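Chemist: Compact mmCIF, C-alpha atoms and all ligand atoms, saved as structure-v6.txt, coming up:
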# COMPACT_ATOMS: atom_id res chain seq x y z
CA ARG A 35 0.00 0.00 0.00
CA PRO A 36 1.28 3.47 -0.81
CA ARG A 37 2.03 5.56 2.24
CA VAL A 38 0.55 8.93 3.23
CA LEU A 39 1.64 11.34 5.93
CA SER A 40 0.00 14.53 7.12
CA GLY A 41 -0.30 16.68 10.21
CA ILE A 42 -2.45 19.30 11.82
CA GLN A 43 -1.59 21.94 14.38
CA PRO A 44 -3.12 21.80 17.83
CA THR A 45 -3.05 25.59 18.09
CA ALA A 46 -6.46 27.17 18.10
CA GLY A 47 -8.47 24.50 19.85
CA SER A 48 -11.27 23.81 17.43
CA PHE A 49 -10.59 22.76 13.85
CA HIS A 50 -12.24 24.99 11.31
CA LEU A 51 -14.22 23.97 8.26
CA GLY A 52 -11.22 24.64 5.99
CA ASN A 53 -9.04 22.22 7.96
CA TYR A 54 -11.75 19.59 7.81
CA LEU A 55 -12.79 19.88 4.16
CA GLY A 56 -9.30 20.68 2.83
CA ALA A 57 -7.41 18.03 4.76
CA VAL A 58 -8.91 15.87 7.52
CA ARG A 59 -11.78 14.57 5.38
CA GLN A 60 -9.26 13.20 2.89
CA TRP A 61 -7.24 11.66 5.71
CA VAL A 62 -10.28 9.65 6.76
CA ALA A 63 -10.84 8.38 3.21
CA LEU A 64 -7.16 7.55 2.64
CA GLN A 65 -6.83 5.28 5.68
CA GLU A 66 -8.85 2.73 3.64
CA SER A 67 -6.47 2.59 0.70
CA HIS A 68 -3.12 3.73 2.13
CA ASP A 69 -0.69 3.01 4.91
CA ALA A 70 -1.56 6.24 6.69
CA PHE A 71 0.41 8.24 9.28
CA TYR A 72 -1.30 11.26 10.81
CA MET A 73 -0.01 13.45 13.58
CA VAL A 74 -0.77 16.40 15.78
CA VAL A 75 2.14 18.73 15.11
CA ASP A 76 2.96 20.29 18.45
CA LEU A 77 6.56 21.09 17.40
CA HIS A 78 5.10 23.26 14.65
CA ALA A 79 2.73 24.90 17.12
CA ILE A 80 5.53 26.44 19.18
CA THR A 81 6.83 28.42 16.18
CA VAL A 82 4.50 31.05 17.63
CA PRO A 83 4.16 31.61 21.40
CA GLN A 84 1.91 29.09 23.21
CA ASP A 85 0.64 28.89 26.74
CA PRO A 86 2.04 25.52 28.00
CA LYS A 87 -1.16 24.35 29.71
CA GLU A 88 -3.25 25.28 26.70
CA LEU A 89 -0.85 23.51 24.39
CA THR A 90 -1.22 20.28 26.37
CA ALA A 91 -5.00 20.57 26.40
CA ASN A 92 -5.17 21.53 22.73
CA THR A 93 -3.00 18.59 21.72
CA ARG A 94 -5.50 16.17 23.30
CA LEU A 95 -8.32 18.20 21.79
CA ALA A 96 -6.83 17.92 18.29
CA ALA A 97 -6.41 14.16 18.67
CA ALA A 98 -10.00 13.86 19.94
CA GLN A 99 -11.26 15.80 16.92
CA LEU A 100 -9.31 13.60 14.51
CA LEU A 101 -10.89 10.50 16.04
CA ALA A 102 -14.31 12.19 16.02
CA ALA A 103 -13.83 12.99 12.33
CA GLY A 104 -13.40 9.28 11.62
CA LEU A 105 -9.75 8.34 12.00
CA ASP A 106 -9.56 4.79 13.27
CA PRO A 107 -6.41 3.84 15.21
CA GLU A 108 -6.82 0.28 13.92
CA ARG A 109 -6.53 1.51 10.35
CA CYS A 110 -4.05 4.36 10.61
CA THR A 111 -1.18 5.48 12.81
CA LEU A 112 -2.20 8.52 14.87
CA PHE A 113 0.42 10.16 17.04
CA VAL A 114 1.82 13.36 18.51
CA GLN A 115 4.87 14.78 16.72
CA SER A 116 6.95 15.45 19.87
CA HIS A 117 6.55 11.80 20.92
CA VAL A 118 8.80 10.88 18.00
CA PRO A 119 12.12 12.67 18.56
CA GLU A 120 13.36 11.73 15.07
CA HIS A 121 11.34 14.65 13.60
CA ALA A 122 13.58 17.25 15.23
CA GLN A 123 16.69 15.17 14.52
CA LEU A 124 16.04 14.80 10.80
CA ALA A 125 14.97 18.44 10.60
CA TRP A 126 18.46 19.48 11.66
CA VAL A 127 20.05 17.52 8.83
CA MET A 128 17.55 19.04 6.39
CA ASN A 129 18.20 22.55 7.75
CA CYS A 130 21.83 22.10 6.82
CA LEU A 131 20.90 21.13 3.28
CA THR A 132 18.58 24.09 2.65
CA GLY A 133 19.75 27.38 1.19
CA PHE A 134 18.89 30.52 3.12
CA GLY A 135 17.43 32.08 -0.03
CA GLU A 136 15.43 28.95 -0.73
CA ALA A 137 13.85 29.05 2.74
CA SER A 138 13.21 32.79 2.37
CA ARG A 139 10.99 32.15 -0.63
CA MET A 140 8.35 30.27 1.38
CA THR A 141 5.23 32.37 1.07
CA GLN A 142 3.58 31.12 4.24
CA PHE A 143 6.48 32.47 6.30
CA LYS A 144 6.27 35.78 4.47
CA ASP A 145 2.53 36.04 5.19
CA LYS A 146 2.73 34.94 8.80
CA SER A 147 5.81 36.98 9.70
CA ALA A 148 4.34 40.06 8.04
CA ARG A 149 1.29 39.66 10.27
CA GLN A 150 3.46 39.32 13.38
CA GLY A 151 6.05 41.91 12.47
CA ALA A 152 9.15 40.48 10.79
CA ASP A 153 11.45 41.11 13.74
CA SER A 154 9.31 39.34 16.29
CA ALA A 155 8.83 36.21 14.17
CA SER A 156 10.88 33.30 15.54
CA VAL A 157 13.64 31.46 13.70
CA GLY A 158 11.45 28.39 14.26
CA LEU A 159 8.71 29.97 12.15
CA PHE A 160 11.29 30.54 9.44
CA THR A 161 12.46 26.93 9.45
CA TYR A 162 8.94 25.50 9.89
CA PRO A 163 8.79 24.23 6.28
CA ILE A 164 12.04 22.33 6.80
CA LEU A 165 10.61 20.57 9.84
CA GLN A 166 7.71 19.69 7.59
CA VAL A 167 10.17 18.26 5.07
CA ALA A 168 11.55 16.02 7.82
CA ASP A 169 8.02 15.00 8.88
CA ILE A 170 7.27 13.73 5.40
CA LEU A 171 10.61 12.13 4.55
CA LEU A 172 10.89 10.20 7.83
CA TYR A 173 7.95 8.04 6.77
CA GLN A 174 9.01 7.68 3.13
CA ALA A 175 5.55 9.01 2.26
CA ASN A 176 4.37 8.70 -1.35
CA GLU A 177 1.59 11.24 -0.95
CA VAL A 178 0.82 14.15 1.34
CA PRO A 179 -2.86 15.10 1.66
CA VAL A 180 -2.99 18.84 2.38
CA GLY A 181 -4.77 22.03 1.37
CA GLU A 182 -3.47 24.23 -1.45
CA ASP A 183 -1.64 26.50 1.05
CA GLN A 184 0.81 23.68 1.74
CA ARG A 185 1.73 22.87 -1.88
CA GLN A 186 4.92 24.92 -1.78
CA HIS A 187 6.15 23.02 1.28
CA VAL A 188 5.63 19.68 -0.45
CA GLU A 189 7.58 21.06 -3.43
CA LEU A 190 10.42 21.99 -1.06
CA THR A 191 10.28 18.44 0.31
CA ARG A 192 10.67 17.04 -3.19
CA ASP A 193 13.62 19.35 -3.89
CA LEU A 194 15.44 18.47 -0.67
CA ALA A 195 14.80 14.74 -1.01
CA THR A 196 16.16 14.83 -4.55
CA ARG A 197 19.17 16.85 -3.39
CA PHE A 198 19.92 14.48 -0.52
CA ASN A 199 19.55 11.39 -2.71
CA GLY A 200 21.83 12.95 -5.33
CA ARG A 201 24.51 13.91 -2.84
CA PHE A 202 24.49 10.92 -0.49
CA GLY A 203 22.81 8.12 -2.45
CA GLU A 204 19.21 6.90 -2.74
CA THR A 205 17.59 7.37 0.70
CA PHE A 206 14.23 9.12 0.50
CA THR A 207 11.01 8.51 -1.41
CA ILE A 208 10.04 11.60 -3.43
CA PRO A 209 6.53 12.52 -2.25
CA LYS A 210 3.67 14.06 -4.19
CA PRO A 211 1.05 16.47 -2.88
CA TYR A 212 -2.45 14.99 -2.72
CA ILE A 213 -4.76 17.96 -3.19
CA LEU A 214 -8.40 17.60 -4.20
CA LYS A 215 -9.24 20.43 -6.56
CA GLU A 216 -12.77 20.99 -5.24
CA THR A 217 -11.84 21.52 -1.61
CA ALA A 218 -8.24 22.67 -1.92
CA LYS A 219 -9.19 26.06 -0.59
CA ILE A 220 -12.22 26.90 1.51
CA TYR A 221 -12.72 30.64 1.69
CA ASP A 222 -13.57 33.02 4.50
CA LEU A 223 -17.37 33.50 4.73
CA GLN A 224 -17.06 37.28 5.03
CA ASP A 225 -14.18 37.79 2.61
CA PRO A 226 -14.16 35.12 -0.09
CA SER A 227 -10.91 36.50 -1.50
CA ILE A 228 -8.93 35.00 1.41
CA LYS A 229 -8.74 31.42 2.70
CA MET A 230 -10.64 30.52 5.84
CA SER A 231 -7.89 30.65 8.44
CA LYS A 232 -7.64 30.82 12.17
CA SER A 233 -5.11 33.63 12.12
CA ALA A 234 -6.37 35.77 9.20
CA SER A 235 -10.15 35.33 9.32
CA THR A 236 -12.49 37.41 11.45
CA PRO A 237 -14.73 35.40 13.80
CA LYS A 238 -17.71 35.85 11.47
CA GLY A 239 -15.75 34.54 8.50
CA LEU A 240 -14.49 31.42 10.28
CA ILE A 241 -16.50 28.29 11.08
CA ASN A 242 -15.02 26.51 14.06
CA LEU A 243 -16.42 23.01 14.23
CA LEU A 244 -16.71 23.03 18.01
CA ASP A 245 -18.60 26.30 18.29
CA GLU A 246 -22.20 26.40 19.41
CA PRO A 247 -24.21 25.09 16.39
CA LYS A 248 -26.65 28.00 16.63
CA ALA A 249 -23.84 30.52 16.28
CA THR A 250 -22.47 28.53 13.36
CA ALA A 251 -25.84 28.55 11.61
CA LYS A 252 -25.98 32.31 12.02
CA LYS A 253 -22.57 32.72 10.39
CA VAL A 254 -23.62 30.66 7.40
CA LYS A 255 -26.80 32.68 7.03
CA SER A 256 -24.88 35.96 7.06
CA ALA A 257 -22.17 34.83 4.62
CA VAL A 258 -21.22 37.43 2.01
CA THR A 259 -22.52 36.66 -1.48
CA ASP A 260 -23.00 39.27 -4.24
CA THR A 261 -25.59 41.67 -5.59
CA ASP A 262 -26.80 39.22 -8.25
CA THR A 263 -29.43 36.65 -7.23
CA VAL A 264 -28.63 33.57 -9.30
CA VAL A 265 -27.20 30.52 -7.52
CA ARG A 266 -24.40 29.54 -9.88
CA TYR A 267 -20.88 28.16 -9.44
CA ASP A 268 -18.54 30.81 -10.84
CA VAL A 269 -15.41 31.31 -8.76
CA GLU A 270 -14.30 34.35 -10.70
CA ASN A 271 -17.50 36.40 -10.55
CA LYS A 272 -19.33 34.79 -7.64
CA PRO A 273 -16.66 33.67 -5.15
CA GLY A 274 -18.95 33.82 -2.10
CA VAL A 275 -21.74 31.73 -3.62
CA SER A 276 -19.23 29.30 -5.14
CA ASN A 277 -17.64 28.76 -1.74
CA LEU A 278 -21.05 28.00 -0.21
CA LEU A 279 -21.78 25.54 -3.02
CA THR A 280 -18.43 23.80 -2.48
CA ILE A 281 -19.14 23.40 1.24
CA TYR A 282 -22.69 22.21 0.57
CA SER A 283 -21.65 19.76 -2.09
CA THR A 284 -18.81 18.23 -0.07
CA LEU A 285 -20.79 17.83 3.13
CA THR A 286 -23.80 16.25 1.40
CA GLY A 287 -22.20 14.45 -1.53
CA THR A 288 -24.56 16.25 -3.94
CA GLY A 289 -22.92 17.43 -7.17
CA ILE A 290 -22.67 21.18 -7.78
CA PRO A 291 -24.72 21.06 -11.03
CA GLU A 292 -27.51 19.32 -9.10
CA LEU A 293 -27.39 22.02 -6.45
CA GLU A 294 -27.53 24.74 -9.10
CA GLN A 295 -30.63 23.07 -10.47
CA GLN A 296 -32.17 22.67 -7.03
CA TYR A 297 -31.83 26.41 -6.36
CA GLU A 298 -32.86 27.62 -9.79
CA GLY A 299 -35.28 30.51 -9.38
CA LYS A 300 -34.64 30.63 -5.64
CA LEU A 301 -32.80 33.37 -3.81
CA TYR A 302 -29.57 33.17 -1.87
CA GLY A 303 -31.51 33.10 1.39
CA ALA A 304 -32.88 29.63 0.59
CA LEU A 305 -29.41 28.29 -0.16
CA LYS A 306 -27.98 29.75 3.03
CA THR A 307 -30.81 28.48 5.24
CA ASP A 308 -30.44 24.94 3.87
CA LEU A 309 -26.66 25.04 4.09
CA ALA A 310 -26.86 26.26 7.69
CA GLU A 311 -28.91 23.14 8.44
CA VAL A 312 -26.42 20.89 6.63
CA VAL A 313 -23.52 22.36 8.61
CA VAL A 314 -25.40 22.04 11.92
CA GLU A 315 -26.16 18.39 11.12
CA PHE A 316 -22.48 17.80 10.56
CA VAL A 317 -21.10 19.68 13.57
CA THR A 318 -23.59 18.46 16.19
CA PRO A 319 -22.49 14.78 16.27
CA PHE A 320 -18.89 15.85 15.65
CA ARG A 321 -18.95 17.93 18.85
CA GLU A 322 -20.51 15.08 20.80
CA ARG A 323 -17.97 12.53 19.63
CA THR A 324 -15.09 14.90 20.39
CA GLN A 325 -16.42 15.38 23.92
CA GLN A 326 -16.66 11.60 24.45
CA TYR A 327 -12.95 11.21 23.63
CA LEU A 328 -12.06 14.13 25.89
CA ASP A 329 -14.03 12.61 28.75
CA ASP A 330 -11.70 9.60 28.71
CA PRO A 331 -8.17 11.04 28.52
CA GLU A 332 -6.58 7.72 29.53
CA THR A 333 -7.92 5.94 26.49
CA LEU A 334 -6.97 8.89 24.32
CA ASP A 335 -3.41 8.95 25.66
CA SER A 336 -3.03 5.24 25.19
CA ILE A 337 -4.17 5.47 21.55
CA LEU A 338 -1.51 8.16 21.05
CA ALA A 339 1.15 6.11 22.84
CA LYS A 340 0.51 3.12 20.58
CA GLY A 341 0.58 5.39 17.54
CA ALA A 342 3.90 6.89 18.60
CA GLU A 343 5.39 3.43 19.02
CA LYS A 344 4.36 2.43 15.49
CA ALA A 345 5.58 5.74 14.08
CA ARG A 346 8.94 5.50 15.87
CA ALA A 347 9.68 2.12 14.37
CA VAL A 348 9.53 3.64 10.88
CA ALA A 349 11.10 6.99 11.77
CA ALA A 350 14.07 5.46 13.61
CA GLU A 351 14.93 3.30 10.61
CA THR A 352 14.93 6.29 8.23
CA LEU A 353 16.94 8.45 10.62
CA SER A 354 19.57 5.79 11.12
CA GLN A 355 19.99 5.38 7.36
CA THR A 356 20.26 9.15 7.01
CA TYR A 357 22.88 9.48 9.74
CA GLU A 358 24.90 6.72 8.16
CA LYS A 359 24.74 8.34 4.71
CA VAL A 360 25.78 11.71 6.12
CA GLY A 361 28.79 10.06 7.78
CA PHE A 362 27.98 10.38 11.46
CA LEU A 363 30.04 7.92 13.50
CA PRO A 364 27.62 5.24 14.73
CA ALA A 365 27.13 5.30 18.52
CA LYS A 366 28.34 2.09 20.16
N1 LIG B 1 -9.10 27.37 4.11
C1 LIG B 1 -8.60 26.15 3.90
N2 LIG B 1 -9.03 25.42 2.87
C2 LIG B 1 -8.52 24.17 2.64
N3 LIG B 1 -7.60 23.59 3.43
C3 LIG B 1 -7.12 24.29 4.50
N4 LIG B 1 -6.22 24.01 5.46
C4 LIG B 1 -6.14 25.07 6.32
N5 LIG B 1 -6.97 26.05 5.90
C5 LIG B 1 -7.60 25.60 4.79
C6 LIG B 1 -5.50 22.74 5.58
O1 LIG B 1 -5.67 22.23 6.88
C7 LIG B 1 -4.56 21.41 7.21
C8 LIG B 1 -4.09 21.70 8.62
O2 LIG B 1 -3.51 22.96 8.63
P1 LIG B 1 -2.64 23.52 9.78
O3 LIG B 1 -2.59 22.66 10.94
O4 LIG B 1 -1.36 23.99 9.22
O5 LIG B 1 -3.52 24.67 10.09
P2 LIG B 1 -3.20 26.03 9.56
O6 LIG B 1 -2.63 26.08 8.19
O7 LIG B 1 -2.40 26.58 10.66
O8 LIG B 1 -4.65 26.52 9.50
P3 LIG B 1 -4.89 27.96 9.22
O9 LIG B 1 -6.22 28.30 9.69
O10 LIG B 1 -4.55 28.21 7.80
O11 LIG B 1 -3.86 28.61 10.22
P4 LIG B 1 -3.01 29.86 9.97
O12 LIG B 1 -4.01 30.95 9.86
O13 LIG B 1 -2.16 29.90 11.22
O14 LIG B 1 -2.25 29.61 8.71
C9 LIG B 1 -3.49 21.70 6.17
O15 LIG B 1 -3.40 20.60 5.29
C10 LIG B 1 -4.00 22.92 5.44
O16 LIG B 1 -3.63 22.90 4.09
How does the structure come out when it is put into structure tokens?
Ligand code: AQP

Modeler:
Amino acid sequence: RPRVLSGIQPTAGSFHLGNYLGAVRQWVALQESHDAFYMVVDLHAITVPQDPKELTANTRLAAAQLLAAGLDPERCTLFVQSHVPEHAQLAWVMNCLTGFGEASRMTQFKDKSARQGADSASVGLFTYPILQVADILLYQANEVPVGEDQRQHVELTRDLATRFNGRFGETFTIPKPYILKETAKIYDLQDPSIKMSKSASTPKGLINLLDEPKATAKKVKSAVTDTDTVVRYDVENKPGVSNLLTIYSTLTGTGIPELEQQYEGKLYGALKTDLAEVVVEFVTPFRERTQQYLDDPETLDSILAKGAEKARAVAAETLSQTYEKVGFLPAK
């Protein structure tokens, strides 16, 4: 079976609809056909300041949400990044292989550091993509299911893997991004020109899956559309409506042309009211399942411990090959 690897940050507490539709939903599907490794990336989280207690709680919360979304520890390997020390170890080797200019071209760093003020951004935030390179290469992943915003980091991974293999001999599998066109980018409900994001979206533009369903319904109903009235998928001219159709279609499995037909002659209000119901139907059981996992932290921690053990077996093997290729004297 081909292997997949992906991760999600524990930062903000609740996942948002962009995280779910752009990434986690694909993770659930891929555990059926792939040897799947999924992790909560707490090392990535500390690239921006975190409250330690919140970080611990949010790491469990992220794992609980992944299980609630449908990850099955019998069918995939679910773990916490810091439980597998090889991530940081391989990242160092990869840091030393990356050009400063090459790292400076990563657009996510440019965006995030501009928001924080370039001088206060950490060096960790700058090297974040290289840690991601190590995450992927450690597992010899063939595919990396992510949203469009991560494509550049997978490209960097390909470049560095190719460079390492060329310089030291065949070591790493060259991975490919796995990005579904339809849900690659879910947009902010209030500003459909930007992606839905926990750091850039306003509260009204962001759907957090764990929020009160009533508040969520309200946000859907007040989503920005346009001055036209026709429900039609047209990203260029009708980005707001198109975004709503994407969300509707993915959550219900109804094709967009069918939805266009269903809302022919109806106004945006009808679409929004129905979509609000669809979203509430999705988030209500999701919230309940998440809470059930949180209510039993021992079981949750033991799932993560087993996952880390499985992950370490693979990661340790790759790291030891890498160290040998680089020429580190083996420890006796
Ligand atoms: N709007 C989105 N549409 C589609 N996919 C998205 N992803 C994030 N936003 C969207 C995908 O979610 C996965 C987990 O991402 P992450 O843990 O890196 O979260 P993030 O990128 O920190 O999420 P945000 O909200 O985008 O955070 P900020 O604002 O800090 O950048 C990834 O696969 C990502 O592609």

Chemist: Using only C-alpha atoms for the distances, tell me which of A:Tyr173, A:Thr191, A:Val127, A:Val38 is nearest to A:Gln65.

Modeler: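 Smallest distance to A:Gln65 is found for A:Val38.
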
Chemist: Rank A:Ala97, A:Leu89, A:Leu301, A:Ile220 by their smallest atom-to-atom distance to A:Asn277, using all atoms listed in the file, and report the top residue only.

Modeler: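 Counting all atoms listed in the file, the residue closest to A:Asn277 is A:Ile220.
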
Chemist: Ligand LIG 1 (chain B): which residues are within 9 Å, counting all atoms listed in the file, as a tab-separated table (two decimals) with C-alpha atoms, in the frame of the given file?

Modeler:
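The resulting file, selection.tsv, is shown below:
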chain	number	residue	atom	x	y	z
A	40	SER	CA	0.00	14.53	7.12
A	41	GLY	CA	-0.30	16.68	10.21
A	42	ILE	CA	-2.45	19.30	11.82
A	43	GLN	CA	-1.59	21.94	14.38
A	44	PRO	CA	-3.12	21.80	17.83
A	45	THR	CA	-3.05	25.59	18.09
A	46	ALA	CA	-6.46	27.17	18.10
A	49	PHE	CA	-10.59	22.76	13.85
A	50	HIS	CA	-12.24	24.99	11.31
A	51	LEU	CA	-14.22	23.97	8.26
A	52	GLY	CA	-11.22	24.64	5.99
A	53	ASN	CA	-9.04	22.22	7.96
A	54	TYR	CA	-11.75	19.59	7.81
A	55	LEU	CA	-12.79	19.88	4.16
A	56	GLY	CA	-9.30	20.68	2.83
A	57	ALA	CA	-7.41	18.03	4.76
A	58	VAL	CA	-8.91	15.87	7.52
A	74	VAL	CA	-0.77	16.40	15.78
A	75	VAL	CA	2.14	18.73	15.11
A	78	HIS	CA	5.10	23.26	14.65
A	79	ALA	CA	2.73	24.90	17.12
A	142	GLN	CA	3.58	31.12	4.24
A	145	ASP	CA	2.53	36.04	5.19
A	146	LYS	CA	2.73	34.94	8.80
A	178	VAL	CA	0.82	14.15	1.34
A	179	PRO	CA	-2.86	15.10	1.66
A	180	VAL	CA	-2.99	18.84	2.38
A	181	GLY	CA	-4.77	22.03	1.37
A	182	GLU	CA	-3.47	24.23	-1.45
A	183	ASP	CA	-1.64	26.50	1.05
A	184	GLN	CA	0.81	23.68	1.74
A	185	ARG	CA	1.73	22.87	-1.88
A	213	ILE	CA	-4.76	17.96	-3.19
A	217	THR	CA	-11.84	21.52	-1.61
A	218	ALA	CA	-8.24	22.67	-1.92
A	219	LYS	CA	-9.19	26.06	-0.59
A	220	ILE	CA	-12.22	26.90	1.51
A	221	TYR	CA	-12.72	30.64	1.69
A	222	ASP	CA	-13.57	33.02	4.50
A	228	ILE	CA	-8.93	35.00	1.41
A	229	LYS	CA	-8.74	31.42	2.70
A	230	MET	CA	-10.64	30.52	5.84
A	231	SER	CA	-7.89	30.65	8.44
A	232	LYS	CA	-7.64	30.82	12.17
A	233	SER	CA	-5.11	33.63	12.12
A	234	ALA	CA	-6.37	35.77	9.20
A	235	SER	CA	-10.15	35.33	9.32
A	240	LEU	CA	-14.49	31.42	10.28

Chemist: Identify the residues around (-21.0, 15.3, 11.5) within a radius of 12 Å, measuring from all atoms listed in the file in the coordinates stated by the file, and give them as a count of residues only.

Modeler: 27

Chemist: Could you pull the residues within 9 Å of A:Gly274, counting all atoms listed in the file, minus those fewer than 4 positions along the same chain, as number ranges by chain?

Modeler: A: 221-227, 257-260, 269, 278-279

Chemist: May I ask for the distance between atom CA of A:Gln355 and atom CA of A:Leu190, given in Å to one decimal place?

Modeler: 20.9 Å

Chemist: Can you pull out every residue within 8 Å of A:Lys253, counting all atoms listed in the file, but drop anything in the same chain fewer than 3 positions away, and send it as an mmCIF file with C-alpha atoms, in the coordinates of the input?

Modeler:
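Result written to result_16.cif:
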data_model
loop_
_atom_site.group_PDB
_atom_site.id
_atom_site.type_symbol
_atom_site.label_atom_id
_atom_site.label_comp_id
_atom_site.auth_asym_id
_atom_site.auth_seq_id
_atom_site.Cartn_x
_atom_site.Cartn_y
_atom_site.Cartn_z
ATOM 1 C CA LEU A 223 -17.370 33.500 4.730
ATOM 2 C CA LYS A 238 -17.710 35.850 11.470
ATOM 3 C CA GLY A 239 -15.750 34.540 8.500
ATOM 4 C CA ILE A 241 -16.500 28.290 11.080
ATOM 5 C CA ALA A 249 -23.840 30.520 16.280
ATOM 6 C CA THR A 250 -22.470 28.530 13.360
ATOM 7 C CA SER A 256 -24.880 35.960 7.060
ATOM 8 C CA ALA A 257 -22.170 34.830 4.620
#

Chemist: Name the closest residue to A:Glu351 among the candidates A:Glu216, A:Glu120, A:Asp330, A:Asp245; distances are taken between atoms, counting only C-alpha atoms.

Modeler: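 Looking only at the distances to A:Glu351, the closest residue turns out to be A:Glu120.
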
Chemist: What is the distance between atom CA of A:Leu131 and atom CA of A:Asp169, in Å to one decimal?

Modeler: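 Straight-line distance from atom CA of A:Leu131 to atom CA of A:Asp169 works out to 15.3 Å.
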
Chemist: Rounded to one decimal place, report the atom CA of A:Ala155-atom CA of A:Val82 distance in Å.

Modeler: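 A separation of 7.6 Å between them.
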